[in-house]
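Asker: So that you have it, the file is input-v2.cif, and it contains mmCIF, C-alpha atoms and all ligand atoms:
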data_data
loop_
_atom_site.label_atom_id
_atom_site.label_comp_id
_atom_site.auth_asym_id
_atom_site.auth_seq_id
_atom_site.Cartn_x
_atom_site.Cartn_y
_atom_site.Cartn_z
CA MET A 1 47.85 -18.84 44.41
CA HIS A 2 47.95 -17.84 48.07
CA PRO A 3 50.54 -20.03 49.84
CA TRP A 4 47.99 -21.17 52.43
CA ILE A 5 45.55 -22.64 49.92
CA ALA A 6 45.50 -26.44 49.61
CA ASP A 7 46.34 -28.09 46.27
CA ARG A 8 43.06 -30.04 46.17
CA THR A 9 41.11 -26.84 45.63
CA ALA A 10 42.98 -26.09 42.40
CA ALA A 11 41.58 -29.17 40.66
CA PHE A 12 38.27 -27.45 39.90
CA GLU A 13 36.90 -23.97 39.22
CA SER A 14 34.15 -22.24 41.16
CA SER A 15 30.73 -22.79 39.57
CA GLY A 16 30.30 -21.09 36.21
CA ILE A 17 26.68 -20.44 37.09
CA ARG A 18 27.88 -17.78 39.55
CA LYS A 19 29.68 -16.00 36.69
CA VAL A 20 26.41 -15.78 34.75
CA PHE A 21 24.69 -14.41 37.85
CA ASP A 22 27.45 -11.78 38.14
CA LEU A 23 26.88 -10.76 34.50
CA ALA A 24 23.18 -10.58 35.19
CA ALA A 25 23.56 -8.43 38.29
CA LYS A 26 23.98 -5.50 35.88
CA LEU A 27 20.60 -6.13 34.24
CA LYS A 28 17.50 -4.23 35.28
CA ASP A 29 14.40 -6.45 35.44
CA PRO A 30 16.00 -9.48 33.70
CA ILE A 31 13.88 -12.27 32.25
CA ASN A 32 15.30 -14.87 34.55
CA LEU A 33 15.20 -18.44 33.25
CA SER A 34 18.38 -19.50 34.98
CA ILE A 35 17.27 -20.50 38.46
CA GLY A 36 17.47 -24.09 39.65
CA GLN A 37 14.67 -23.94 42.20
CA PRO A 38 10.86 -23.82 42.07
CA ASP A 39 9.17 -20.45 41.69
CA PHE A 40 6.55 -21.30 44.35
CA ASP A 41 7.23 -20.74 48.04
CA VAL A 42 7.51 -23.45 50.69
CA PRO A 43 3.91 -24.65 51.36
CA GLY A 44 2.40 -22.88 54.40
CA GLU A 45 1.94 -25.96 56.62
CA ILE A 46 5.65 -26.78 56.28
CA ARG A 47 6.64 -23.24 57.26
CA THR A 48 4.29 -23.46 60.25
CA ALA A 49 5.76 -26.79 61.35
CA ALA A 50 9.30 -25.36 61.29
CA ILE A 51 8.24 -22.20 63.14
CA ASP A 52 6.46 -24.34 65.77
CA ALA A 53 9.63 -26.40 66.15
CA ILE A 54 11.68 -23.26 66.76
CA GLN A 55 9.09 -21.83 69.19
CA SER A 56 8.86 -25.07 71.13
CA GLY A 57 12.60 -25.26 71.66
CA LYS A 58 13.56 -27.90 69.07
CA ASN A 59 16.67 -25.93 68.27
CA ALA A 60 19.51 -28.16 69.40
CA TYR A 61 21.58 -30.64 67.41
CA SER A 62 19.49 -33.53 66.21
CA PRO A 63 20.87 -37.08 66.28
CA THR A 64 23.45 -37.45 63.47
CA GLN A 65 21.04 -39.69 61.53
CA GLY A 66 18.15 -37.20 61.82
CA ILE A 67 15.16 -36.75 64.15
CA GLY A 68 13.43 -40.05 64.93
CA PRO A 69 9.99 -39.29 63.44
CA LEU A 70 11.41 -38.12 60.09
CA ARG A 71 13.78 -41.05 59.80
CA GLU A 72 10.96 -43.47 60.64
CA ALA A 73 8.58 -41.87 58.14
CA LEU A 74 11.27 -42.05 55.45
CA ARG A 75 12.13 -45.62 56.42
CA ALA A 76 8.47 -46.69 56.06
CA GLU A 77 8.11 -44.99 52.67
CA ILE A 78 11.36 -46.49 51.38
CA ALA A 79 10.62 -49.99 52.73
CA ALA A 80 7.25 -49.96 50.93
CA LYS A 81 8.96 -49.16 47.61
CA TYR A 82 12.16 -51.18 48.05
CA PRO A 83 11.64 -54.07 50.47
CA HIS A 84 15.37 -54.85 50.76
CA GLU A 85 16.50 -56.45 53.98
CA ASP A 86 19.68 -54.43 54.26
CA ARG A 87 18.39 -50.94 53.33
CA ASP A 88 18.89 -48.16 55.87
CA VAL A 89 18.30 -44.37 55.68
CA PHE A 90 19.57 -41.18 57.26
CA VAL A 91 18.84 -37.47 56.96
CA SER A 92 21.61 -35.46 55.29
CA SER A 93 22.32 -31.78 55.00
CA GLY A 94 20.62 -31.46 51.62
CA THR A 95 21.21 -33.72 48.66
CA SER A 96 24.56 -32.00 48.22
CA GLY A 97 25.56 -33.09 51.73
CA GLY A 98 24.54 -36.64 50.84
CA LEU A 99 26.60 -36.52 47.63
CA MET A 100 29.65 -35.23 49.47
CA LEU A 101 29.36 -37.96 52.14
CA ALA A 102 28.85 -40.64 49.47
CA MET A 103 32.04 -39.58 47.69
CA LEU A 104 34.06 -39.28 50.89
CA SER A 105 32.82 -42.67 52.06
CA MET A 106 33.29 -44.61 48.82
CA ILE A 107 35.86 -42.98 46.54
CA ASN A 108 39.55 -43.74 46.96
CA PRO A 109 42.17 -41.67 45.10
CA GLY A 110 42.35 -42.96 41.52
CA ASP A 111 38.87 -44.54 41.56
CA GLU A 112 36.91 -43.84 38.37
CA VAL A 113 33.31 -42.68 38.43
CA ILE A 114 31.11 -42.87 35.33
CA TYR A 115 28.30 -40.38 34.72
CA LEU A 116 26.67 -38.73 31.72
CA ASP A 117 27.88 -35.53 30.06
CA PRO A 118 26.07 -33.08 30.40
CA TYR A 119 26.12 -33.41 34.18
CA PHE A 120 25.27 -31.57 37.40
CA VAL A 121 28.29 -29.30 38.07
CA MET A 122 28.85 -30.69 41.55
CA TYR A 123 29.76 -34.21 40.35
CA PRO A 124 33.25 -33.61 38.89
CA ALA A 125 34.13 -31.04 41.57
CA LEU A 126 33.25 -33.38 44.46
CA LEU A 127 35.01 -36.29 42.84
CA LYS A 128 38.19 -34.32 42.30
CA MET A 129 38.08 -33.14 45.93
CA CYS A 130 38.21 -36.81 46.92
CA GLY A 131 40.97 -37.65 44.41
CA GLY A 132 38.52 -39.57 42.23
CA VAL A 133 38.70 -39.61 38.45
CA PRO A 134 35.61 -38.31 36.61
CA VAL A 135 34.67 -40.40 33.55
CA PRO A 136 31.96 -38.40 31.77
CA VAL A 137 30.16 -40.36 29.02
CA ASP A 138 29.02 -38.23 26.10
CA SER A 139 25.21 -38.46 25.85
CA TYR A 140 24.69 -36.01 22.94
CA PRO A 141 22.53 -35.53 20.94
CA ASP A 142 19.55 -37.09 22.78
CA PHE A 143 21.03 -37.20 26.33
CA ARG A 144 19.77 -40.73 26.91
CA LEU A 145 21.28 -43.16 29.41
CA ASP A 146 22.70 -45.66 26.93
CA PRO A 147 23.73 -48.85 28.80
CA ALA A 148 26.13 -49.80 25.95
CA LYS A 149 28.01 -46.50 26.30
CA ILE A 150 28.19 -46.96 30.09
CA GLU A 151 29.51 -50.48 29.65
CA ALA A 152 32.15 -49.29 27.17
CA ALA A 153 33.45 -46.77 29.74
CA ILE A 154 34.04 -49.41 32.45
CA THR A 155 37.68 -50.18 33.30
CA PRO A 156 39.25 -52.17 36.14
CA ARG A 157 39.37 -48.86 38.08
CA THR A 158 35.64 -48.14 37.82
CA LYS A 159 34.26 -47.77 41.33
CA MET A 160 30.92 -46.13 40.75
CA ILE A 161 28.25 -45.33 38.19
CA LEU A 162 26.34 -42.16 39.05
CA VAL A 163 22.91 -41.73 37.47
CA ASN A 164 20.65 -38.70 37.62
CA SER A 165 17.12 -39.08 36.24
CA PRO A 166 15.32 -36.72 35.74
CA ALA A 167 18.54 -34.94 34.88
CA ASN A 168 20.00 -31.53 35.45
CA PRO A 169 20.64 -29.79 33.00
CA THR A 170 18.67 -31.64 30.28
CA GLY A 171 15.43 -32.67 32.02
CA VAL A 172 15.76 -36.01 30.23
CA THR A 173 14.49 -39.09 32.08
CA ALA A 174 15.90 -42.57 31.71
CA SER A 175 13.49 -45.33 30.65
CA GLU A 176 12.78 -48.35 32.83
CA GLU A 177 14.71 -50.56 30.36
CA GLU A 178 17.75 -48.26 30.42
CA LEU A 179 17.79 -48.10 34.22
CA LYS A 180 17.29 -51.85 34.52
CA ALA A 181 20.20 -52.54 32.17
CA VAL A 182 22.54 -50.14 34.00
CA ALA A 183 21.44 -51.51 37.40
CA GLN A 184 22.14 -55.04 36.21
CA LEU A 185 25.49 -54.01 34.75
CA ALA A 186 26.56 -52.45 38.07
CA ALA A 187 25.46 -55.59 39.95
CA ASP A 188 27.25 -57.95 37.53
CA ARG A 189 30.52 -56.00 37.71
CA ASN A 190 30.31 -55.25 41.45
CA ILE A 191 30.32 -51.49 40.80
CA ALA A 192 28.60 -49.08 43.20
CA LEU A 193 25.47 -47.51 41.75
CA LEU A 194 24.60 -44.06 43.08
CA SER A 195 21.26 -42.58 42.02
CA ASP A 196 20.67 -38.83 42.46
CA GLU A 197 16.86 -38.62 42.55
CA ILE A 198 16.43 -35.00 43.64
CA TYR A 199 14.02 -34.39 40.72
CA SER A 200 12.03 -37.63 41.19
CA ARG A 201 8.81 -35.78 42.05
CA PHE A 202 9.01 -33.69 38.87
CA PHE A 203 8.27 -36.61 36.55
CA PHE A 204 5.76 -35.65 33.91
CA ASP A 205 5.07 -38.66 31.71
CA GLY A 206 4.27 -41.84 33.61
CA ASP A 207 5.67 -42.97 36.95
CA PHE A 208 9.14 -42.38 38.30
CA VAL A 209 11.39 -45.45 38.28
CA SER A 210 14.51 -45.86 40.43
CA PRO A 211 17.39 -48.20 39.61
CA ALA A 212 17.02 -49.35 43.24
CA SER A 213 14.03 -51.37 41.96
CA PHE A 214 16.47 -53.54 40.01
CA ASN A 215 19.63 -53.49 42.15
CA ASP A 216 19.20 -53.79 45.92
CA GLN A 217 22.68 -52.36 46.54
CA THR A 218 21.82 -49.01 44.90
CA ILE A 219 22.60 -45.94 47.00
CA VAL A 220 19.84 -43.37 46.55
CA ILE A 221 20.12 -39.66 47.30
CA ASP A 222 17.00 -37.52 47.46
CA GLY A 223 15.76 -34.50 49.36
CA PHE A 224 13.17 -31.80 49.92
CA SER A 225 14.96 -28.89 48.22
CA LYS A 226 13.34 -29.03 44.82
CA SER A 227 10.07 -30.87 45.50
CA HIS A 228 9.00 -28.52 48.31
CA ALA A 229 11.02 -25.42 47.34
CA MET A 230 13.09 -25.85 50.51
CA THR A 231 16.53 -25.22 48.95
CA GLY A 232 17.66 -23.02 51.84
CA TRP A 233 16.57 -25.47 54.53
CA ARG A 234 19.15 -28.16 53.82
CA VAL A 235 17.24 -31.39 54.27
CA GLY A 236 18.06 -34.42 52.15
CA TYR A 237 18.25 -38.15 52.75
CA VAL A 238 20.25 -41.14 51.64
CA HIS A 239 19.24 -44.79 51.60
CA GLY A 240 21.25 -47.85 50.74
CA PRO A 241 23.14 -50.81 52.19
CA ALA A 242 23.42 -50.44 55.98
CA GLU A 243 27.21 -50.59 56.15
CA ILE A 244 27.57 -47.78 53.58
CA ILE A 245 24.94 -45.70 55.42
CA ASN A 246 26.78 -46.22 58.72
CA THR A 247 30.05 -45.11 57.16
CA MET A 248 28.40 -42.00 55.75
CA LEU A 249 26.99 -41.28 59.22
CA LYS A 250 30.48 -41.54 60.70
CA VAL A 251 31.66 -38.89 58.24
CA GLN A 252 28.55 -36.75 58.86
CA GLN A 253 29.33 -36.84 62.59
CA TYR A 254 32.65 -35.09 61.94
CA SER A 255 31.50 -32.71 59.20
CA PHE A 256 27.89 -31.55 58.78
CA VAL A 257 26.93 -32.94 62.25
CA CYS A 258 23.22 -32.95 61.31
CA SER A 259 20.65 -31.32 59.09
CA PRO A 260 19.18 -28.24 60.88
CA GLN A 261 16.67 -29.57 63.39
CA PRO A 262 13.75 -27.10 62.82
CA ALA A 263 14.03 -27.75 59.07
CA GLN A 264 13.75 -31.49 59.71
CA TRP A 265 10.42 -30.95 61.53
CA GLY A 266 9.31 -28.98 58.50
CA ALA A 267 10.38 -31.88 56.27
CA LEU A 268 8.36 -34.32 58.38
CA ARG A 269 5.27 -32.22 57.69
CA ALA A 270 6.30 -31.95 54.03
CA MET A 271 5.93 -35.70 53.64
CA GLU A 272 2.15 -35.27 54.04
CA VAL A 273 1.78 -32.38 51.60
CA ASN A 274 0.11 -33.15 48.29
CA LEU A 275 2.28 -31.75 45.49
CA ASP A 276 0.00 -32.71 42.59
CA GLY A 277 -1.03 -29.11 41.90
CA HIS A 278 2.58 -27.95 41.60
CA ILE A 279 3.64 -30.95 39.53
CA ASN A 280 0.71 -30.47 37.12
CA ASP A 281 1.61 -26.81 36.87
CA TYR A 282 5.22 -27.66 36.01
CA ARG A 283 4.09 -30.21 33.42
CA ARG A 284 2.07 -27.42 31.80
CA LYS A 285 5.09 -25.09 31.94
CA ARG A 286 7.21 -27.80 30.33
CA ASP A 287 4.71 -27.99 27.48
CA LEU A 288 4.51 -24.21 27.23
CA ILE A 289 8.27 -23.79 26.78
CA TYR A 290 8.68 -26.85 24.56
CA ASP A 291 5.78 -25.92 22.27
CA GLY A 292 6.98 -22.32 22.20
CA LEU A 293 10.48 -23.19 20.99
CA SER A 294 10.59 -26.61 19.35
CA ASP A 295 9.85 -25.36 15.82
CA LYS A 296 12.87 -23.01 16.04
CA TYR A 297 15.28 -24.93 18.26
CA GLU A 298 16.54 -28.48 18.41
CA ILE A 299 15.32 -29.74 21.82
CA SER A 300 15.07 -33.18 23.44
CA LYS A 301 11.66 -32.97 25.13
CA PRO A 302 12.28 -33.16 28.87
CA GLY A 303 10.31 -35.78 30.79
CA GLY A 304 11.11 -34.29 34.18
CA ALA A 305 12.90 -31.74 36.39
CA PHE A 306 12.35 -28.14 35.26
CA TYR A 307 15.00 -27.70 32.60
CA VAL A 308 15.23 -27.78 28.83
CA PHE A 309 18.56 -27.93 27.03
CA PRO A 310 18.21 -26.64 23.46
CA ARG A 311 20.96 -26.54 20.87
CA SER A 312 22.33 -23.06 20.25
CA PRO A 313 21.51 -21.66 16.79
CA ILE A 314 25.12 -20.43 16.51
CA PRO A 315 28.14 -22.70 17.04
CA SER A 316 29.00 -21.40 20.53
CA GLY A 317 26.39 -21.78 23.27
CA ALA A 318 28.38 -19.35 25.46
CA LYS A 319 28.31 -16.64 22.74
CA PHE A 320 24.61 -17.23 22.26
CA VAL A 321 23.99 -16.76 25.98
CA GLU A 322 25.87 -13.43 25.83
CA ARG A 323 23.50 -12.31 23.05
CA ALA A 324 20.49 -13.41 25.11
CA ILE A 325 21.78 -11.53 28.15
CA GLU A 326 22.19 -8.39 25.99
CA LYS A 327 18.43 -8.70 25.39
CA GLY A 328 17.75 -9.09 29.10
CA LEU A 329 17.28 -12.88 29.08
CA LEU A 330 19.18 -14.89 31.62
CA ILE A 331 19.96 -18.50 30.63
CA ILE A 332 22.97 -20.72 31.34
CA PRO A 333 25.57 -21.78 28.75
CA GLY A 334 25.78 -25.54 28.28
CA ASN A 335 29.56 -25.66 28.60
CA ILE A 336 29.17 -25.14 32.34
CA PHE A 337 27.69 -28.66 32.45
CA SER A 338 29.62 -30.24 29.61
CA LYS A 339 32.77 -30.42 27.53
CA HIS A 340 30.67 -29.22 24.57
CA ASP A 341 29.81 -25.56 24.05
CA THR A 342 26.82 -26.15 21.80
CA HIS A 343 23.72 -25.87 23.97
CA PHE A 344 22.17 -23.76 26.71
CA ARG A 345 20.01 -24.47 29.75
CA ILE A 346 16.62 -22.90 30.35
CA SER A 347 14.89 -23.34 33.70
CA PHE A 348 11.12 -23.20 33.35
CA ALA A 349 10.65 -22.79 37.10
CA ALA A 350 9.29 -19.30 36.46
CA SER A 351 5.98 -17.48 36.10
CA ASP A 352 4.06 -17.95 32.85
CA GLU A 353 4.61 -14.28 32.07
CA THR A 354 8.39 -14.69 32.39
CA LEU A 355 8.25 -17.82 30.24
CA HIS A 356 6.31 -16.00 27.51
CA ARG A 357 8.80 -13.12 27.56
CA GLY A 358 11.71 -15.59 27.41
CA ILE A 359 10.17 -17.46 24.46
CA GLU A 360 9.71 -14.15 22.62
CA VAL A 361 13.39 -13.21 23.06
CA LEU A 362 14.60 -16.68 22.09
CA ARG A 363 12.43 -16.67 18.93
CA SER A 364 13.80 -13.24 17.99
CA LEU A 365 17.35 -14.59 18.28
CA VAL A 366 16.97 -17.13 15.46
CA SER A 367 16.88 -16.18 11.83
CA GLY A 368 13.33 -15.77 10.56
CA GLY A 369 12.19 -15.63 14.23
C1 LIG B 401 21.08 -33.02 40.10
C2 LIG B 401 21.16 -32.30 41.40
N1 LIG B 401 21.55 -32.96 42.50
C3 LIG B 401 21.63 -32.35 43.69
C4 LIG B 401 21.33 -31.01 43.85
C5 LIG B 401 21.49 -30.39 45.19
O1 LIG B 401 20.30 -30.18 45.88
P1 LIG B 401 20.26 -29.84 47.43
O2 LIG B 401 19.67 -28.48 47.56
O3 LIG B 401 19.37 -30.90 48.03
O4 LIG B 401 21.63 -29.91 47.97
C6 LIG B 401 20.92 -30.27 42.73
C7 LIG B 401 20.64 -28.82 42.84
O5 LIG B 401 20.63 -28.10 41.88
C8 LIG B 401 20.83 -30.93 41.48
O6 LIG B 401 20.45 -30.28 40.37
#
Once you've parsed the file, please lay out its structure as structure tokens.
Answerer:
Amino acid sequence: MHPWIADRTAAFESSGIRKVFDLAAKLKDPINLSIGQPDFDVPGEIRTAAIDAIQSGKNAYSPTQGIGPLREALRAEIAAKYPHEDRDVFVSSGTSGGLMLAMLSMINPGDEVIYLDPYFVMYPALLKMCGGVPVPVDSYPDFRLDPAKIEAAITPRTKMILVNSPANPTGVTASEEELKAVAQLAADRNIALLSDEIYSRFFFDGDFVSPASFNDQTIVIDGFSKSHAMTGWRVGYVHGPAEIINTMLKVQQYSFVCSPQPAQWGALRAMEVNLDGHINDYRRKRDLIYDGLSDKYEISKPGGAFYVFPRSPIPSGAKFVERAIEKGLLIIPGNIFSKHDTHFRISFAASDETLHRGIEVLRSLVSGG
């Protein structure tokens, strides 16, 4: 290792997803079912609002907590859903920025954080950067949020439970009962509950439920990246107990400074955009991929996000992904998100034509396909 590089960076590897993308760079016209962002573009009125902001000189730093109108619009929406006296909100530099600030503001070295395996790759990396101890709880084979398993993982060092529903990489959603039980457990044991709700709008069966409905101390992280296809704009938000929010703002002041101002004006407009068409389209795509594969692959039907996480037909998910890539299909091996190498992630945020081509390749890769 180069002598100038800090020890903390050696605790985690760079994202395995990049390695798959490098492999894929050699493919001509790949069938790409690997991407973690919507296949539609940012709605036109949002683009116009951001361009207008740039043209009218709204290009400086914004207040650390975000532009007033966006923060107020978010505050009103949040207060209507969670009428907690002590709940405050600020605009972060994407959901990732919010996650980083949450960890820096709450995790002391040695603190344990419980979350489900499989998990979003950023969780263990961020935790290790802060000296925290990841405590992944195995959720195979159905990937459900089992309150009994969470409870069994609690120790005197447990600082936080991190939930993500709908989940990346499985698309599985937690039920109201499961969330209520975990929210109650966190409250009873005085453990911080952090809810990553970036996929909350992509909820296909029924209405989205947040653990904040059952635990008024829940810290919620959400954003515009996935819902409005604004991944490059870097606008997220965090709401929770005022003192925690203020501490996160102190750290934001000395790190991200603010979310890009023109993008925040775009996000303000985004709050008025009706996403029903896109959500219905993604529900249909979920059904298309699930119906196209479930007779050949073991799959937990996803209730949200835009991922499915089937079991590999051969013992190693990573080997299976290599075979798929040889046939031009780009998917992500499950061991990037998990200690198990038995599954693979498909993103169905793709055109129907790409989905049909992907299904065809995947069916040809199982015996009797
Ligand atoms: C579960 C989860 N949380 C957070 C993020 C980060 O999103 P953002 O673009 O808002 O930083 C992602 C992106 O893939 C995600 O899958």
Asker: Which protein, DNA or RNA residues are at most 12 Å from (18.1, -35.7, 66.3) in the file's coordinates when you count all atoms listed in the file, listed as number ranges by chain?
Answerer: A: 58-72, 90-92, 253, 257-265
Asker: Would you write out, as JSON lines, a table of all residues in chain A that have an atom no more than 6 Å from an atom of ligand LIG 401 (chain B), listing for each the closest atom pair and the distance in Å to one decimal, considering all atoms listed in the file and ordering rows by chain and rising residue number?
Answerer:
{"residue": "A:Gly36", "atom": "CA", "partner": "B:LIG401", "partner_atom": "O5", "distance": 5.6}
{"residue": "A:Gly94", "atom": "CA", "partner": "B:LIG401", "partner_atom": "O3", "distance": 3.8}
{"residue": "A:Thr95", "atom": "CA", "partner": "B:LIG401", "partner_atom": "O3", "distance": 3.4}
{"residue": "A:Ser96", "atom": "CA", "partner": "B:LIG401", "partner_atom": "O4", "distance": 3.6}
{"residue": "A:Phe120", "atom": "CA", "partner": "B:LIG401", "partner_atom": "C1", "distance": 5.2}
{"residue": "A:Asn168", "atom": "CA", "partner": "B:LIG401", "partner_atom": "C1", "distance": 5.0}
{"residue": "A:Asp196", "atom": "CA", "partner": "B:LIG401", "partner_atom": "N1", "distance": 5.9}
{"residue": "A:Ile198", "atom": "CA", "partner": "B:LIG401", "partner_atom": "N1", "distance": 5.6}
{"residue": "A:Gly223", "atom": "CA", "partner": "B:LIG401", "partner_atom": "O3", "distance": 5.3}
{"residue": "A:Ser225", "atom": "CA", "partner": "B:LIG401", "partner_atom": "O2", "distance": 4.8}
{"residue": "A:Thr231", "atom": "CA", "partner": "B:LIG401", "partner_atom": "O2", "distance": 4.7}
{"residue": "A:Gly236", "atom": "CA", "partner": "B:LIG401", "partner_atom": "O3", "distance": 5.6}
Asker: Need to verify the contact set: Val163 in chain A, 9 Å, all atoms listed in the file, exclusion of same-chain residues closer than 4 positions in sequence. Can you return it as a VMD selection string?
Answerer: chain A and resid 114 to 116 145 167 179 193 to 197 211
Asker: CA of Ala153 in chain A and CA of Val113 in chain A are how many Å apart?
Answerer: 9.6 Å
Asker: Counting all atoms listed in the file, which of A:His239, A:Asp39, A:Ile289, A:Leu330 gets nearest to Lys81 in chain A?
Answerer: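 Checking each of A:His239, A:Asp39, A:Ile289, A:Leu330 against Lys81 in chain A, counting all atoms listed in the file, the winner is A:His239.
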Asker: How many Å lie between CA of Glu177 in chain A and CA of Ala148 in chain A, rounded to one decimal?
Answerer: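 Between CA of Glu177 in chain A and CA of Ala148 in chain A the gap works out to 12.3 Å.
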Asker: Which neighbours of range 293-298 of chain A fall inside 9 Å, counting all atoms listed in the file, when residues of the same chain fewer than 6 positions from it are skipped, and could you give them as a PyMOL selection string?
Answerer: chain A and resi 309-313+359+362-363+366-367+369
Asker: Restricting it to C-alpha atoms, dump the selection as an mmCIF file, in the frame of the given file.
Answerer:
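Ended up saving to again_19.cif:
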data_model
loop_
_atom_site.group_PDB
_atom_site.id
_atom_site.type_symbol
_atom_site.label_atom_id
_atom_site.label_comp_id
_atom_site.auth_asym_id
_atom_site.auth_seq_id
_atom_site.Cartn_x
_atom_site.Cartn_y
_atom_site.Cartn_z
ATOM 1 C CA PHE A 309 18.560 -27.930 27.030
ATOM 2 C CA PRO A 310 18.210 -26.640 23.460
ATOM 3 C CA ARG A 311 20.960 -26.540 20.870
ATOM 4 C CA SER A 312 22.330 -23.060 20.250
ATOM 5 C CA PRO A 313 21.510 -21.660 16.790
ATOM 6 C CA ILE A 359 10.170 -17.460 24.460
ATOM 7 C CA LEU A 362 14.600 -16.680 22.090
ATOM 8 C CA ARG A 363 12.430 -16.670 18.930
ATOM 9 C CA VAL A 366 16.970 -17.130 15.460
ATOM 10 C CA SER A 367 16.880 -16.180 11.830
ATOM 11 C CA GLY A 369 12.190 -15.630 14.230
#
Asker: Neighbouring residues of Tyr254 in chain A were defined as those with any atom within 12 Å, considering all atoms listed in the file; residues of the same chain fewer than 4 positions away were excluded. Please report them as a PDB file with C-alpha atoms, keeping the file's coordinate frame.
Answerer:
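Listed below is the output, selection07.pdb:
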ATOM      1  CA  THR A  64      23.450 -37.450  63.470  1.00  0.00           C
ATOM      2  CA  LEU A 101      29.360 -37.960  52.140  1.00  0.00           C
ATOM      3  CA  LEU A 104      34.060 -39.280  50.890  1.00  0.00           C
ATOM      4  CA  THR A 247      30.050 -45.110  57.160  1.00  0.00           C
ATOM      5  CA  MET A 248      28.400 -42.000  55.750  1.00  0.00           C
ATOM      6  CA  LEU A 249      26.990 -41.280  59.220  1.00  0.00           C
ATOM      7  CA  LYS A 250      30.480 -41.540  60.700  1.00  0.00           C
ATOM      8  CA  CYS A 258      23.220 -32.950  61.310  1.00  0.00           C
TER       9      CYS A 258
END
Asker: Do you have the CA of Gly98 in chain A-CA of Gln252 in chain A distance handy?
Answerer: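 Atom-to-atom, CA of Gly98 in chain A and CA of Gln252 in chain A are spaced 9.0 Å apart.
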Asker: Find the residue from A:Val133, A:Glu45, A:Arg189, A:Asn108 that sits nearest to Ala11 in chain A; use only C-alpha atoms when measuring.
Answerer: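 Among the listed residues, A:Val133 lies closest to Ala11 in chain A.
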Asker: Could you check the closest approach to Ile161 in chain A for each of A:Val182, A:Ala25, A:Ala53, A:Val220 and tell me which residue wins, using only C-alpha atoms?
Answerer: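 Selected residue with least distance to Ile161 in chain A: A:Val182.
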Asker: Given the choices A:Pro38, A:Gly206, A:Pro83, A:Pro166, which gets closest to Phe143 in chain A if the distance is worked out from all atoms listed in the file?
Answerer: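 Using all atoms listed in the file, the shortest distance to Phe143 in chain A belongs to A:Pro166.
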Asker: Taking all atoms listed in the file into account, name the residue in A:Arg75, A:Lys319, A:His356, A:Lys149 that is nearest to Gly292 in chain A.
Answerer: A:His356
Asker: Do a neighbour search on Gly266 in chain A at 10 Å with only C-alpha atoms, toss out local chain neighbours closer than 3 positions, and write the hits as a CSV table (one decimal) with C-alpha atoms, in the coordinates of the input.
Answerer:
chain,number,residue,atom,x,y,z
A,42,VAL,CA,7.5,-23.4,50.7
A,43,PRO,CA,3.9,-24.6,51.4
A,45,GLU,CA,1.9,-26.0,56.6
A,46,ILE,CA,5.6,-26.8,56.3
A,47,ARG,CA,6.6,-23.2,57.3
A,48,THR,CA,4.3,-23.5,60.2
A,49,ALA,CA,5.8,-26.8,61.4
A,50,ALA,CA,9.3,-25.4,61.3
A,51,ILE,CA,8.2,-22.2,63.1
A,52,ASP,CA,6.5,-24.3,65.8
A,53,ALA,CA,9.6,-26.4,66.2
A,70,LEU,CA,11.4,-38.1,60.1
A,224,PHE,CA,13.2,-31.8,49.9
A,230,MET,CA,13.1,-25.8,50.5
A,233,TRP,CA,16.6,-25.5,54.5
A,235,VAL,CA,17.2,-31.4,54.3
A,261,GLN,CA,16.7,-29.6,63.4
A,262,PRO,CA,13.8,-27.1,62.8
A,263,ALA,CA,14.0,-27.8,59.1
A,269,ARG,CA,5.3,-32.2,57.7
A,270,ALA,CA,6.3,-32.0,54.0
A,271,MET,CA,5.9,-35.7,53.6
Asker: Give me the residues within 12 Å of range 135-137 of chain A as a PyMOL selection string, counting only C-alpha atoms and dropping any in the same chain fewer than 4 places off.
Answerer: chain A and resi 110-121+123-124+127-128+143-155+157-163+337-340
